>>> print(open('entry-v6.tsv').read())   # TSV, C-alpha atoms and all ligand atoms
chain	number	residue	atom	x	y	z
R	17	MET	CA	14.86	-10.23	-0.87
R	18	GLN	CA	17.61	-7.99	0.58
R	19	LEU	CA	17.71	-4.20	0.79
R	20	GLU	CA	20.24	-4.12	-2.08
R	21	ASP	CA	17.73	-5.94	-4.31
R	22	ILE	CA	15.18	-3.14	-4.00
R	23	GLY	CA	15.25	-0.75	-6.95
R	24	THR	CA	11.56	-0.06	-7.55
R	25	VAL	CA	9.05	0.69	-4.83
R	26	GLY	CA	5.31	0.55	-5.40
R	27	VAL	CA	2.95	2.75	-3.40
R	28	VAL	CA	-0.77	2.03	-3.43
R	29	GLY	CA	-2.79	5.12	-2.54
R	30	ALA	CA	-1.70	8.68	-3.42
R	31	GLY	CA	-3.39	10.35	-0.43
R	32	THR	CA	-1.68	12.08	2.50
R	33	MET	CA	0.33	9.05	3.60
R	34	GLY	CA	0.86	7.47	0.16
R	35	ASN	CA	2.25	10.59	-1.50
R	36	GLY	CA	4.51	11.20	1.49
R	37	ILE	CA	5.86	7.64	1.33
R	38	ALA	CA	6.39	7.95	-2.45
R	39	GLN	CA	8.26	11.21	-1.87
R	40	VAL	CA	10.65	9.91	0.79
R	41	ALA	CA	11.36	6.73	-1.21
R	42	ALA	CA	12.13	8.76	-4.36
R	43	THR	CA	14.27	11.21	-2.36
R	44	ALA	CA	16.27	8.22	-1.12
R	45	GLY	CA	16.94	7.21	-4.75
R	46	TYR	CA	14.29	4.56	-5.40
R	47	ASP	CA	12.20	4.47	-8.56
R	48	VAL	CA	8.62	4.77	-7.39
R	49	VAL	CA	5.32	3.80	-8.99
R	50	MET	CA	2.46	5.56	-7.16
R	51	ARG	CA	-0.99	4.21	-7.90
R	52	ASP	CA	-4.47	5.43	-7.07
R	53	VAL	CA	-7.86	4.44	-8.44
R	54	GLU	CA	-8.52	7.68	-10.35
R	55	GLN	CA	-6.26	10.08	-12.22
R	56	GLN	CA	-7.53	13.04	-10.14
R	57	PHE	CA	-6.21	11.35	-6.94
R	58	VAL	CA	-2.86	10.64	-8.61
R	59	SER	CA	-2.63	14.30	-9.71
R	60	ALA	CA	-3.55	15.56	-6.24
R	61	GLY	CA	-0.79	13.30	-4.84
R	62	PHE	CA	1.77	14.87	-7.21
R	63	ASP	CA	0.57	18.37	-6.22
R	64	ALA	CA	1.16	17.54	-2.55
R	65	ILE	CA	4.62	16.14	-3.37
R	66	ASP	CA	5.49	19.33	-5.31
R	67	ARG	CA	4.41	21.51	-2.36
R	68	SER	CA	6.31	19.37	0.11
R	69	LEU	CA	9.51	19.29	-1.98
R	70	ASP	CA	9.30	23.09	-2.48
R	71	ARG	CA	9.01	23.53	1.26
R	72	LEU	CA	12.07	21.33	1.89
R	73	VAL	CA	14.04	23.32	-0.70
R	74	ARG	CA	12.98	26.60	0.98
R	75	LYS	CA	14.11	25.19	4.32
R	76	GLU	CA	17.41	24.20	2.64
R	77	GLU	CA	16.91	20.56	3.57
R	78	LEU	CA	17.11	19.61	-0.12
R	79	THR	CA	18.69	21.35	-3.09
R	80	GLN	CA	16.48	22.16	-6.07
R	81	ALA	CA	18.41	19.57	-8.10
R	82	GLU	CA	17.78	16.86	-5.48
R	83	ALA	CA	14.09	17.76	-5.37
R	84	ASP	CA	13.85	17.65	-9.17
R	85	ARG	CA	15.59	14.28	-9.29
R	86	ALA	CA	13.24	12.87	-6.63
R	87	ARG	CA	10.19	14.16	-8.49
R	88	GLY	CA	11.49	12.65	-11.73
R	89	ARG	CA	11.76	9.20	-10.13
R	90	ILE	CA	8.01	9.00	-9.37
R	91	GLU	CA	5.67	7.59	-11.97
R	92	GLY	CA	1.91	7.87	-11.45
R	93	THR	CA	-0.64	5.30	-12.56
R	94	THR	CA	-4.21	4.12	-12.07
R	95	ASP	CA	-3.31	0.56	-13.13
R	96	LEU	CA	-2.23	-1.79	-10.35
R	97	ALA	CA	-0.53	-3.98	-12.98
R	98	ASP	CA	2.13	-1.23	-13.29
R	99	LEU	CA	3.41	-2.39	-9.88
R	100	ARG	CA	4.31	-5.80	-11.30
R	101	ASP	CA	8.08	-5.10	-11.22
R	102	ALA	CA	8.16	-3.49	-7.77
R	103	HIS	CA	10.46	-5.20	-5.26
R	104	LEU	CA	8.61	-3.75	-2.29
R	105	VAL	CA	5.11	-2.28	-2.18
R	106	VAL	CA	3.70	-0.05	0.54
R	107	GLU	CA	-0.09	0.06	0.73
R	108	ALA	CA	-1.62	3.29	2.05
R	109	VAL	CA	-5.28	3.10	1.08
R	110	THR	CA	-8.29	3.84	3.24
R	111	GLU	CA	-8.49	2.23	6.71
R	112	ASP	CA	-11.05	-0.39	5.75
R	113	MET	CA	-10.23	-4.08	6.13
R	114	GLY	CA	-12.28	-5.08	3.06
R	115	VAL	CA	-10.53	-2.53	0.85
R	116	LYS	CA	-7.08	-3.45	2.17
R	117	GLN	CA	-7.69	-7.18	1.72
R	118	SER	CA	-8.88	-6.61	-1.83
R	119	VAL	CA	-5.71	-4.59	-2.60
R	120	PHE	CA	-3.49	-7.26	-1.02
R	121	GLY	CA	-5.24	-10.03	-2.98
R	122	ASP	CA	-4.61	-8.10	-6.20
R	123	LEU	CA	-1.00	-7.32	-5.26
R	124	ASP	CA	-0.39	-10.98	-4.46
R	125	ASP	CA	-1.55	-11.89	-7.98
R	126	THR	CA	0.31	-9.00	-9.66
R	127	CYS	CA	3.73	-8.91	-8.01
R	128	GLY	CA	6.56	-11.42	-8.22
R	129	PRO	CA	6.64	-14.07	-5.47
R	130	GLU	CA	9.65	-12.45	-3.75
R	131	THR	CA	8.09	-8.98	-3.50
R	132	VAL	CA	7.52	-7.81	0.05
R	133	LEU	CA	4.11	-6.26	0.69
R	134	ALA	CA	3.95	-3.65	3.46
R	135	THR	CA	0.86	-1.99	4.88
R	136	ASN	CA	0.80	1.48	6.40
R	137	THR	CA	-2.30	0.61	8.43
R	138	SER	CA	-2.63	2.65	11.61
R	139	THR	CA	-4.68	0.17	13.67
R	140	LEU	CA	-5.87	-2.80	11.58
R	141	SER	CA	-4.44	-6.30	11.94
R	142	ILE	CA	-1.44	-7.09	9.73
R	143	THR	CA	-2.21	-10.80	10.17
R	144	THR	CA	-5.78	-10.41	8.88
R	145	ILE	CA	-4.62	-8.31	5.91
R	146	ALA	CA	-1.88	-10.87	5.10
R	147	SER	CA	-4.29	-13.81	5.35
R	148	VAL	CA	-5.68	-13.18	1.84
R	149	THR	CA	-2.23	-13.61	0.28
R	150	ASP	CA	-0.13	-16.69	-0.45
R	151	ARG	CA	2.86	-14.91	1.15
R	152	PRO	CA	1.92	-13.97	4.73
R	153	ASP	CA	5.61	-14.37	5.64
R	154	ARG	CA	6.38	-11.48	3.25
R	155	VAL	CA	3.78	-9.10	4.67
R	156	VAL	CA	4.81	-6.51	7.28
R	157	GLY	CA	3.44	-3.33	8.84
R	158	LEU	CA	5.37	-0.16	8.03
R	159	HIS	CA	3.46	2.55	9.86
R	160	PHE	CA	4.72	5.96	8.76
R	161	MET	CA	3.78	9.13	10.67
R	162	ASN	CA	2.06	12.22	9.24
R	163	PRO	CA	3.56	14.35	7.68
R	164	VAL	CA	5.76	11.59	6.30
R	165	PRO	CA	8.51	13.82	4.85
R	166	VAL	CA	9.05	15.49	8.23
R	167	MET	CA	8.40	12.87	10.89
R	168	LYS	CA	11.44	10.79	11.81
R	169	GLY	CA	9.87	7.53	12.94
R	170	VAL	CA	8.35	4.42	11.41
R	171	GLU	CA	6.71	1.64	13.39
R	172	VAL	CA	7.61	-1.85	12.13
R	173	VAL	CA	4.82	-4.29	12.90
R	174	GLU	CA	5.18	-8.06	13.01
R	175	GLY	CA	2.17	-10.09	11.91
R	176	GLU	CA	1.61	-13.66	13.11
R	177	LYS	CA	3.40	-15.08	10.05
R	178	THR	CA	5.84	-12.27	9.19
R	179	SER	CA	9.31	-13.80	8.75
R	180	GLU	CA	12.42	-12.47	10.48
R	181	GLU	CA	13.86	-11.72	7.04
R	182	THR	CA	10.83	-9.59	6.10
R	183	LEU	CA	10.98	-7.73	9.41
R	184	ALA	CA	14.68	-7.03	8.91
R	185	LEU	CA	13.99	-5.81	5.38
R	186	GLY	CA	11.15	-3.57	6.61
R	187	ARG	CA	13.43	-1.98	9.19
R	188	ALA	CA	16.28	-1.60	6.69
R	189	PHE	CA	13.99	-0.02	4.09
R	190	ALA	CA	12.54	2.48	6.58
R	191	GLN	CA	16.10	3.41	7.58
R	192	ALA	CA	17.13	3.69	3.93
R	193	VAL	CA	14.43	6.32	3.41
R	194	GLY	CA	15.80	8.30	6.33
R	195	LYS	CA	13.66	7.07	9.23
R	196	GLU	CA	14.36	5.53	12.61
R	197	THR	CA	12.28	2.52	13.60
R	198	TRP	CA	10.80	0.70	16.57
R	199	ASP	CA	9.17	-2.71	16.65
R	200	ALA	CA	5.61	-3.49	17.62
R	201	ASP	CA	3.53	-6.64	17.82
R	202	ASP	CA	0.36	-7.00	15.76
R	203	LYS	CA	-2.08	-5.82	18.44
R	204	PRO	CA	-4.64	-3.01	17.92
R	205	GLY	CA	-3.03	0.41	17.47
R	206	PHE	CA	0.51	-1.00	17.87
R	207	VAL	CA	2.52	1.44	20.04
R	208	VAL	CA	1.68	4.91	18.75
R	209	ASN	CA	-2.05	4.88	18.13
R	210	ARG	CA	-2.81	2.70	21.13
R	211	ILE	CA	-1.44	5.49	23.31
R	212	LEU	CA	-2.12	8.54	21.10
R	213	MET	CA	-5.82	7.94	20.37
R	214	PRO	CA	-6.96	7.86	24.02
R	215	TRP	CA	-4.88	11.03	24.57
R	216	ILE	CA	-6.65	12.80	21.70
R	217	ASN	CA	-10.09	11.54	22.78
R	218	GLU	CA	-9.43	12.70	26.34
R	219	GLY	CA	-8.55	16.14	24.92
R	220	VAL	CA	-11.85	16.20	22.99
R	221	ARG	CA	-13.79	15.14	26.10
R	222	ALA	CA	-12.02	17.76	28.23
R	223	TYR	CA	-13.09	20.41	25.71
R	224	ASP	CA	-16.65	19.05	25.47
R	225	GLU	CA	-16.96	18.90	29.25
R	226	GLY	CA	-15.77	22.51	29.65
R	227	ILE	CA	-12.51	21.76	31.47
R	228	ALA	CA	-10.97	24.58	29.39
R	229	GLY	CA	-11.33	26.28	26.00
R	230	LYS	CA	-9.84	24.41	23.04
R	231	ALA	CA	-6.84	26.75	22.71
R	232	ASP	CA	-6.15	26.43	26.45
R	233	ILE	CA	-6.26	22.64	26.24
R	234	ASP	CA	-3.75	22.72	23.37
R	235	ARG	CA	-1.59	25.32	25.12
R	236	GLY	CA	-1.74	23.32	28.33
R	237	MET	CA	-0.47	20.19	26.66
R	238	THR	CA	2.15	21.89	24.43
R	239	LEU	CA	3.55	24.12	27.19
R	240	GLY	CA	2.93	21.63	29.95
R	241	THR	CA	4.40	18.54	28.34
R	242	ASN	CA	6.58	19.90	25.52
R	243	VAL	CA	4.77	18.19	22.64
R	244	PRO	CA	4.63	20.09	19.31
R	245	MET	CA	0.82	20.04	19.07
R	246	GLY	CA	-1.97	19.69	21.62
R	247	PRO	CA	-4.67	17.02	21.18
R	248	LEU	CA	-7.24	19.14	19.29
R	249	GLU	CA	-4.69	20.70	16.94
R	250	LEU	CA	-3.14	17.27	16.33
R	251	ALA	CA	-6.57	15.74	15.64
R	252	ASP	CA	-7.21	18.43	13.01
R	253	HIS	CA	-3.76	17.74	11.54
R	254	ILE	CA	-4.31	13.97	11.29
R	255	GLY	CA	-7.94	14.30	10.10
R	256	LEU	CA	-10.91	13.73	12.41
R	257	ASP	CA	-12.23	10.89	10.23
R	258	VAL	CA	-8.87	9.09	10.54
R	259	VAL	CA	-8.90	9.63	14.32
R	260	LEU	CA	-12.47	8.33	14.58
R	261	ASP	CA	-11.74	5.24	12.44
R	262	ALA	CA	-8.68	4.39	14.54
R	263	SER	CA	-10.59	5.06	17.78
R	264	GLU	CA	-13.47	2.84	16.71
R	265	THR	CA	-11.14	-0.05	15.86
R	266	LEU	CA	-9.46	0.28	19.27
R	267	HIS	CA	-12.85	0.48	20.99
R	268	GLU	CA	-14.11	-2.61	19.17
R	269	GLU	CA	-11.00	-4.62	20.00
R	270	LEU	CA	-10.09	-3.32	23.45
R	271	GLY	CA	-13.39	-2.25	25.02
R	272	ASP	CA	-14.84	0.73	26.81
R	273	ARG	CA	-11.67	2.53	27.82
R	274	TYR	CA	-11.21	3.25	24.10
R	275	GLN	CA	-14.64	4.74	23.44
R	276	PRO	CA	-14.36	7.67	20.97
R	277	ALA	CA	-15.47	11.03	22.32
R	278	TYR	CA	-19.02	12.07	21.44
R	279	LEU	CA	-17.96	15.45	20.03
R	280	LEU	CA	-15.48	13.73	17.70
R	281	LYS	CA	-18.34	11.68	16.21
R	282	ARG	CA	-20.52	14.78	15.90
R	283	LYS	CA	-17.81	16.75	14.05
R	284	VAL	CA	-17.21	13.87	11.62
R	285	ALA	CA	-20.97	13.52	11.04
R	286	ALA	CA	-21.05	17.25	10.22
R	287	GLY	CA	-18.25	16.83	7.66
R	288	ASP	CA	-15.77	18.96	9.66
R	289	LEU	CA	-12.73	16.69	9.31
R	290	GLY	CA	-9.97	19.13	10.30
R	291	LYS	CA	-7.44	21.02	8.18
R	292	LYS	CA	-8.31	19.13	5.02
R	293	THR	CA	-11.92	20.41	4.96
R	294	GLY	CA	-11.13	23.88	6.33
R	295	ALA	CA	-12.72	23.23	9.75
R	296	GLY	CA	-12.37	20.79	12.61
R	297	PHE	CA	-11.90	22.03	16.14
R	298	TYR	CA	-10.38	25.16	14.55
R	299	GLU	CA	-11.07	27.00	11.27
R	300	TYR	CA	-8.47	27.02	8.46
R	301	GLU	CA	-7.94	29.16	5.35
R	302	ARG	CA	-8.20	27.00	2.24
S	401	LIG	N1	5.82	18.00	3.77
S	401	LIG	C1	4.53	17.93	4.11
S	401	LIG	N2	3.98	18.65	5.11
S	401	LIG	C2	4.80	19.46	5.82
S	401	LIG	C3	6.16	19.58	5.51
S	401	LIG	C4	6.66	18.82	4.44
S	401	LIG	N3	7.92	18.87	4.03
S	401	LIG	N4	6.71	20.46	6.38
S	401	LIG	C5	5.72	20.87	7.20
S	401	LIG	N5	4.57	20.24	6.90
S	401	LIG	C6	3.24	20.63	7.34
S	401	LIG	C7	2.56	20.74	8.63
S	401	LIG	O1	1.70	19.73	8.92
S	401	LIG	C8	1.77	22.05	8.48
S	401	LIG	O2	0.78	22.11	7.48
S	401	LIG	P1	0.21	23.46	6.70
S	401	LIG	O3	1.22	24.54	6.65
S	401	LIG	O4	-0.09	22.97	5.32
S	401	LIG	O5	-1.00	23.91	7.46
S	401	LIG	C9	2.81	22.87	8.07
S	401	LIG	O6	3.43	22.00	7.13
S	401	LIG	C10	3.58	23.45	9.18
S	401	LIG	O7	4.77	23.69	8.67
S	401	LIG	P2	5.88	24.39	9.56
S	401	LIG	O8	7.13	24.31	8.77
S	401	LIG	O9	5.38	25.73	9.98
S	401	LIG	O10	5.83	23.47	10.84
S	401	LIG	P3	6.96	22.87	11.70
S	401	LIG	O11	8.15	22.57	10.88
S	401	LIG	O12	7.11	23.75	12.88
S	401	LIG	O13	6.35	21.46	12.20
S	401	LIG	C11	5.08	19.53	12.35
S	401	LIG	C12	5.21	20.91	11.72
S	401	LIG	C13	6.31	18.66	11.98
S	401	LIG	C14	3.83	18.88	11.77
S	401	LIG	C15	5.04	19.64	13.93
S	401	LIG	O14	4.02	20.52	14.29
S	401	LIG	C16	4.80	18.31	14.58
S	401	LIG	O15	5.69	17.52	14.77
S	401	LIG	N6	3.52	18.05	14.95
S	401	LIG	C17	3.12	16.73	15.50
S	401	LIG	C18	2.90	15.81	14.34
S	401	LIG	C19	2.62	14.39	14.80
S	401	LIG	O16	2.55	14.06	15.97
S	401	LIG	N7	2.47	13.50	13.81
S	401	LIG	C20	2.15	12.11	14.08
S	401	LIG	C21	0.69	11.94	14.16
S	401	LIG	S1	0.24	10.26	14.48
S	401	LIG	C22	0.30	9.50	13.00
S	401	LIG	O17	0.64	10.07	11.98
S	401	LIG	C23	-0.14	8.08	12.98
S	401	LIG	C24	-1.41	7.90	12.15
S	401	LIG	O18	-1.66	6.53	12.05
S	401	LIG	C25	-2.61	8.59	12.76
>>> encode(input="entry-v6.tsv", output="structure tokens")
Amino acid sequence: MQLEDIGTVGVVGAGTMGNGIAQVAATAGYDVVMRDVEQQFVSAGFDAIDRSLDRLVRKEELTQAEADRARGRIEGTTDLADLRDAHLVVEAVTEDMGVKQSVFGDLDDTCGPETVLATNTSTLSITTIASVTDRPDRVVGLHFMNPVPVMKGVEVVEGEKTSEETLALGRAFAQAVGKETWDADDKPGFVVNRILMPWINEGVRAYDEGIAGKADIDRGMTLGTNVPMGPLELADHIGLDVVLDASETLHEELGDRYQPAYLLKRKVAAGDLGKKTGAGFYEYER
């Protein structure tokens, strides 16, 4: 499979990452089939795409006609069989190995033998996900960043059996949808989350231990190191449940230096998951 052979892209999962990936692929001219398990999730994915495209039109990064064409290229479905003709599929379901393996097993049965299967996993092993398929050489990590339509980078992750051809295709596809790439080996957290998650957890601990107020911690890191968001604001943006899942995987695989902060666990237990629930470390209008 070469980049030129890709006409239809499948996206499994219409949540934050999935709808963003569907949007950038459609904007780049691909026909996209976006699948989630229930119609309400598919509809919510389309709502997010509409809001995001509107925002890009307002910012004059897209014309209304380009946005309309992109929107028209995305088909929604709850039936995985509708991905049968996809040339490349990006999986963006929940960060649970069992769920991802089940999706990959089904995709392996559904899609043609040449189809490349990519996972957007943030910390889980590409090799373990690929092991349930008969095509581990055609499985690759394509780790997009949130918010997908705005962030410029994609991490390309090589599993134990990923072929050079699949890696090259993964890089070429990410570039075709307007992103720049870097390579990472299949080790927990790859590059970004291996470094980002301890940074966020240290920010949470600093807040919990009274080093400074939350706004001062975020101001300190944004003004002091020129990043767009401080650790607490960024955690709310990503979703505290996503941060905790990623942190727990890193802790399990890499030991004590990756222990998630206590206050992060307490917030998730309380259901305060960040922007998406209206409260995390900060409060948000919904
Ligand atoms: N589509 C979707 N969301 C968009 C968007 C678009 N076209 N444009 C902006 N956003 C989002 C922002 O998240 C935020 O949400 P809200 O308004 O709904 O509350 C809002 O829109 C802010 O919009 P602005 O136009 O005011 O913001 P800016 O253009 O100044 O920048 C930002 C927003 C790009 C998110 C910037 O703050 C930033 O770069 N922050 C850091 C983001 C980051 O580090 N992301 C990577 C996280 S790690 C990751 O994703 C890996 C995963 O595995 C955990």
>>> closest_residue(input="entry-v6.tsv", among="R:Leu133, R:Val58, R:Ile254, R:Ile90", to="R:Ala44", atoms="only C-alpha atoms")
R:Ile90
>>> residues_near_ligand(input="entry-v6.tsv", ligand="ligand LIG 401 (chain S)", cutoff="9 Å", atoms="all atoms listed in the file", output="MDAnalysis selection string")
chainID R and resid 32:33 36 64:65 67:73 75 136:139 159:167 205 208:209 212:213 243:246 249:251 253:255 258:259 262 291 300:301
>>> atom_distance(input="entry-v6.tsv", atom1="atom CA of R:Gly31", atom2="atom CA of R:Ala277")
25.8 Å
>>> closest_residue(input="entry-v6.tsv", among="R:Ala83, R:Gly287, R:Val173, R:Ala295", to="R:Lys203", atoms="all atoms listed in the file")
R:Val173
>>> residues_around(input="entry-v6.tsv", residues="R:Gly23", least_positions_apart="3", cutoff="9 Å", atoms="all atoms listed in the file", output="MDAnalysis selection string")
chainID R and resid 19:20 45:48 102:104
>>> atom_distance(input="entry-v6.tsv", atom1="atom CA of R:Leu270", atom2="atom CA of R:Glu218")
16.3 Å
>>> atom_distance(input="entry-v6.tsv", atom1="atom CA of R:Ala200", atom2="atom CA of R:Gln275")
22.6 Å
>>> axis_aligned_box(input="entry-v6.tsv", around="stretch 269-284 of chain R", padding_each_side="8 Å", output="JSON")
{"center_x": -15.3, "center_y": 6.1, "center_z": 19.7, "size_x": 26.4, "size_y": 37.4, "size_z": 32.2}
>>> decode(input="entry-v6.tsv", residues="stretch 43-130 of chain R", atoms="C-alpha atoms", output="PDB file, in the first residue's frame")
ATOM      1  CA  THR R  43      -9.992  18.366   4.999  1.00  0.00           C
ATOM      2  CA  ALA R  44      -7.009  16.826   3.206  1.00  0.00           C
ATOM      3  CA  GLY R  45      -9.395  15.321   0.623  1.00  0.00           C
ATOM      4  CA  TYR R  46      -9.884  11.757   1.864  1.00  0.00           C
ATOM      5  CA  ASP R  47     -13.278  10.087   2.034  1.00  0.00           C
ATOM      6  CA  VAL R  48     -13.762   9.204   5.681  1.00  0.00           C
ATOM      7  CA  VAL R  49     -15.958   6.643   7.418  1.00  0.00           C
ATOM      8  CA  MET R  50     -16.197   7.494  11.134  1.00  0.00           C
ATOM      9  CA  ARG R  51     -17.581   4.741  13.330  1.00  0.00           C
ATOM     10  CA  ASP R  52     -18.675   4.630  16.947  1.00  0.00           C
ATOM     11  CA  VAL R  53     -20.699   2.073  18.859  1.00  0.00           C
ATOM     12  CA  GLU R  54     -23.837   4.205  19.269  1.00  0.00           C
ATOM     13  CA  GLN R  55     -25.505   6.790  17.048  1.00  0.00           C
ATOM     14  CA  GLN R  56     -25.422   9.391  19.851  1.00  0.00           C
ATOM     15  CA  PHE R  57     -21.579   9.202  19.907  1.00  0.00           C
ATOM     16  CA  VAL R  58     -21.425   9.514  16.110  1.00  0.00           C
ATOM     17  CA  SER R  59     -23.716  12.572  16.272  1.00  0.00           C
ATOM     18  CA  ALA R  60     -21.654  14.154  19.053  1.00  0.00           C
ATOM     19  CA  GLY R  61     -18.555  13.598  16.878  1.00  0.00           C
ATOM     20  CA  PHE R  62     -20.199  15.436  13.962  1.00  0.00           C
ATOM     21  CA  ASP R  63     -21.219  18.295  16.312  1.00  0.00           C
ATOM     22  CA  ALA R  64     -17.589  18.682  17.418  1.00  0.00           C
ATOM     23  CA  ILE R  65     -16.419  18.625  13.778  1.00  0.00           C
ATOM     24  CA  ASP R  66     -18.983  21.325  12.880  1.00  0.00           C
ATOM     25  CA  ARG R  67     -17.790  23.536  15.758  1.00  0.00           C
ATOM     26  CA  SER R  68     -14.153  23.001  14.865  1.00  0.00           C
ATOM     27  CA  LEU R  69     -14.669  23.705  11.140  1.00  0.00           C
ATOM     28  CA  ASP R  70     -16.680  26.853  11.998  1.00  0.00           C
ATOM     29  CA  ARG R  71     -13.831  28.035  14.184  1.00  0.00           C
ATOM     30  CA  LEU R  72     -11.283  27.460  11.404  1.00  0.00           C
ATOM     31  CA  VAL R  73     -13.502  29.388   8.968  1.00  0.00           C
ATOM     32  CA  ARG R  74     -13.801  32.266  11.481  1.00  0.00           C
ATOM     33  CA  LYS R  75     -10.019  32.276  11.833  1.00  0.00           C
ATOM     34  CA  GLU R  76      -9.786  32.315   8.007  1.00  0.00           C
ATOM     35  CA  GLU R  77      -7.752  29.120   7.992  1.00  0.00           C
ATOM     36  CA  LEU R  78     -10.387  27.468   5.778  1.00  0.00           C
ATOM     37  CA  THR R  79     -12.973  28.925   3.427  1.00  0.00           C
ATOM     38  CA  GLN R  80     -16.624  28.043   4.008  1.00  0.00           C
ATOM     39  CA  ALA R  81     -16.563  26.038   0.759  1.00  0.00           C
ATOM     40  CA  GLU R  82     -13.528  24.015   1.915  1.00  0.00           C
ATOM     41  CA  ALA R  83     -15.179  23.366   5.278  1.00  0.00           C
ATOM     42  CA  ASP R  84     -18.404  22.255   3.578  1.00  0.00           C
ATOM     43  CA  ARG R  85     -16.518  19.938   1.242  1.00  0.00           C
ATOM     44  CA  ALA R  86     -14.609  18.396   4.169  1.00  0.00           C
ATOM     45  CA  ARG R  87     -17.826  17.873   6.127  1.00  0.00           C
ATOM     46  CA  GLY R  88     -19.449  16.270   3.072  1.00  0.00           C
ATOM     47  CA  ARG R  89     -16.642  13.711   2.792  1.00  0.00           C
ATOM     48  CA  ILE R  90     -17.333  12.225   6.248  1.00  0.00           C
ATOM     49  CA  GLU R  91     -19.824   9.413   6.581  1.00  0.00           C
ATOM     50  CA  GLY R  92     -20.916   8.283  10.048  1.00  0.00           C
ATOM     51  CA  THR R  93     -21.782   4.727  11.015  1.00  0.00           C
ATOM     52  CA  THR R  94     -22.236   2.369  13.946  1.00  0.00           C
ATOM     53  CA  ASP R  95     -21.375  -0.672  11.808  1.00  0.00           C
ATOM     54  CA  LEU R  96     -17.710  -1.649  11.695  1.00  0.00           C
ATOM     55  CA  ALA R  97     -18.405  -3.539   8.444  1.00  0.00           C
ATOM     56  CA  ASP R  98     -18.751  -0.120   6.743  1.00  0.00           C
ATOM     57  CA  LEU R  99     -14.959   0.191   7.059  1.00  0.00           C
ATOM     58  CA  ARG R 100     -14.455  -2.809   4.777  1.00  0.00           C
ATOM     59  CA  ASP R 101     -13.251  -0.664   1.840  1.00  0.00           C
ATOM     60  CA  ALA R 102     -10.970   1.622   3.862  1.00  0.00           C
ATOM     61  CA  HIS R 103      -7.329   1.634   2.753  1.00  0.00           C
ATOM     62  CA  LEU R 104      -6.111   2.891   6.116  1.00  0.00           C
ATOM     63  CA  VAL R 105      -7.917   2.816   9.448  1.00  0.00           C
ATOM     64  CA  VAL R 106      -7.051   4.882  12.508  1.00  0.00           C
ATOM     65  CA  GLU R 107      -8.365   3.508  15.799  1.00  0.00           C
ATOM     66  CA  ALA R 108      -9.114   6.070  18.516  1.00  0.00           C
ATOM     67  CA  VAL R 109     -11.233   4.204  21.052  1.00  0.00           C
ATOM     68  CA  THR R 110     -10.851   4.174  24.815  1.00  0.00           C
ATOM     69  CA  GLU R 111      -7.377   3.503  26.291  1.00  0.00           C
ATOM     70  CA  ASP R 112      -8.103  -0.065  27.318  1.00  0.00           C
ATOM     71  CA  MET R 113      -6.006  -2.911  25.914  1.00  0.00           C
ATOM     72  CA  GLY R 114      -8.949  -5.353  25.885  1.00  0.00           C
ATOM     73  CA  VAL R 115     -11.157  -2.933  23.956  1.00  0.00           C
ATOM     74  CA  LYS R 116      -8.390  -2.046  21.496  1.00  0.00           C
ATOM     75  CA  GLN R 117      -7.515  -5.699  20.870  1.00  0.00           C
ATOM     76  CA  SER R 118     -11.156  -6.521  20.259  1.00  0.00           C
ATOM     77  CA  VAL R 119     -11.415  -3.652  17.728  1.00  0.00           C
ATOM     78  CA  PHE R 120      -8.198  -4.753  15.996  1.00  0.00           C
ATOM     79  CA  GLY R 121      -9.389  -8.365  15.815  1.00  0.00           C
ATOM     80  CA  ASP R 122     -12.625  -7.188  14.182  1.00  0.00           C
ATOM     81  CA  LEU R 123     -10.792  -4.822  11.813  1.00  0.00           C
ATOM     82  CA  ASP R 124      -8.436  -7.627  10.798  1.00  0.00           C
ATOM     83  CA  ASP R 125     -11.457  -9.745   9.823  1.00  0.00           C
ATOM     84  CA  THR R 126     -13.316  -6.845   8.151  1.00  0.00           C
ATOM     85  CA  CYS R 127     -10.683  -4.999   6.116  1.00  0.00           C
ATOM     86  CA  GLY R 128      -8.794  -6.144   3.039  1.00  0.00           C
ATOM     87  CA  PRO R 129      -5.406  -7.791   3.673  1.00  0.00           C
ATOM     88  CA  GLU R 130      -3.478  -4.744   2.400  1.00  0.00           C
TER      89      GLU R 130
END
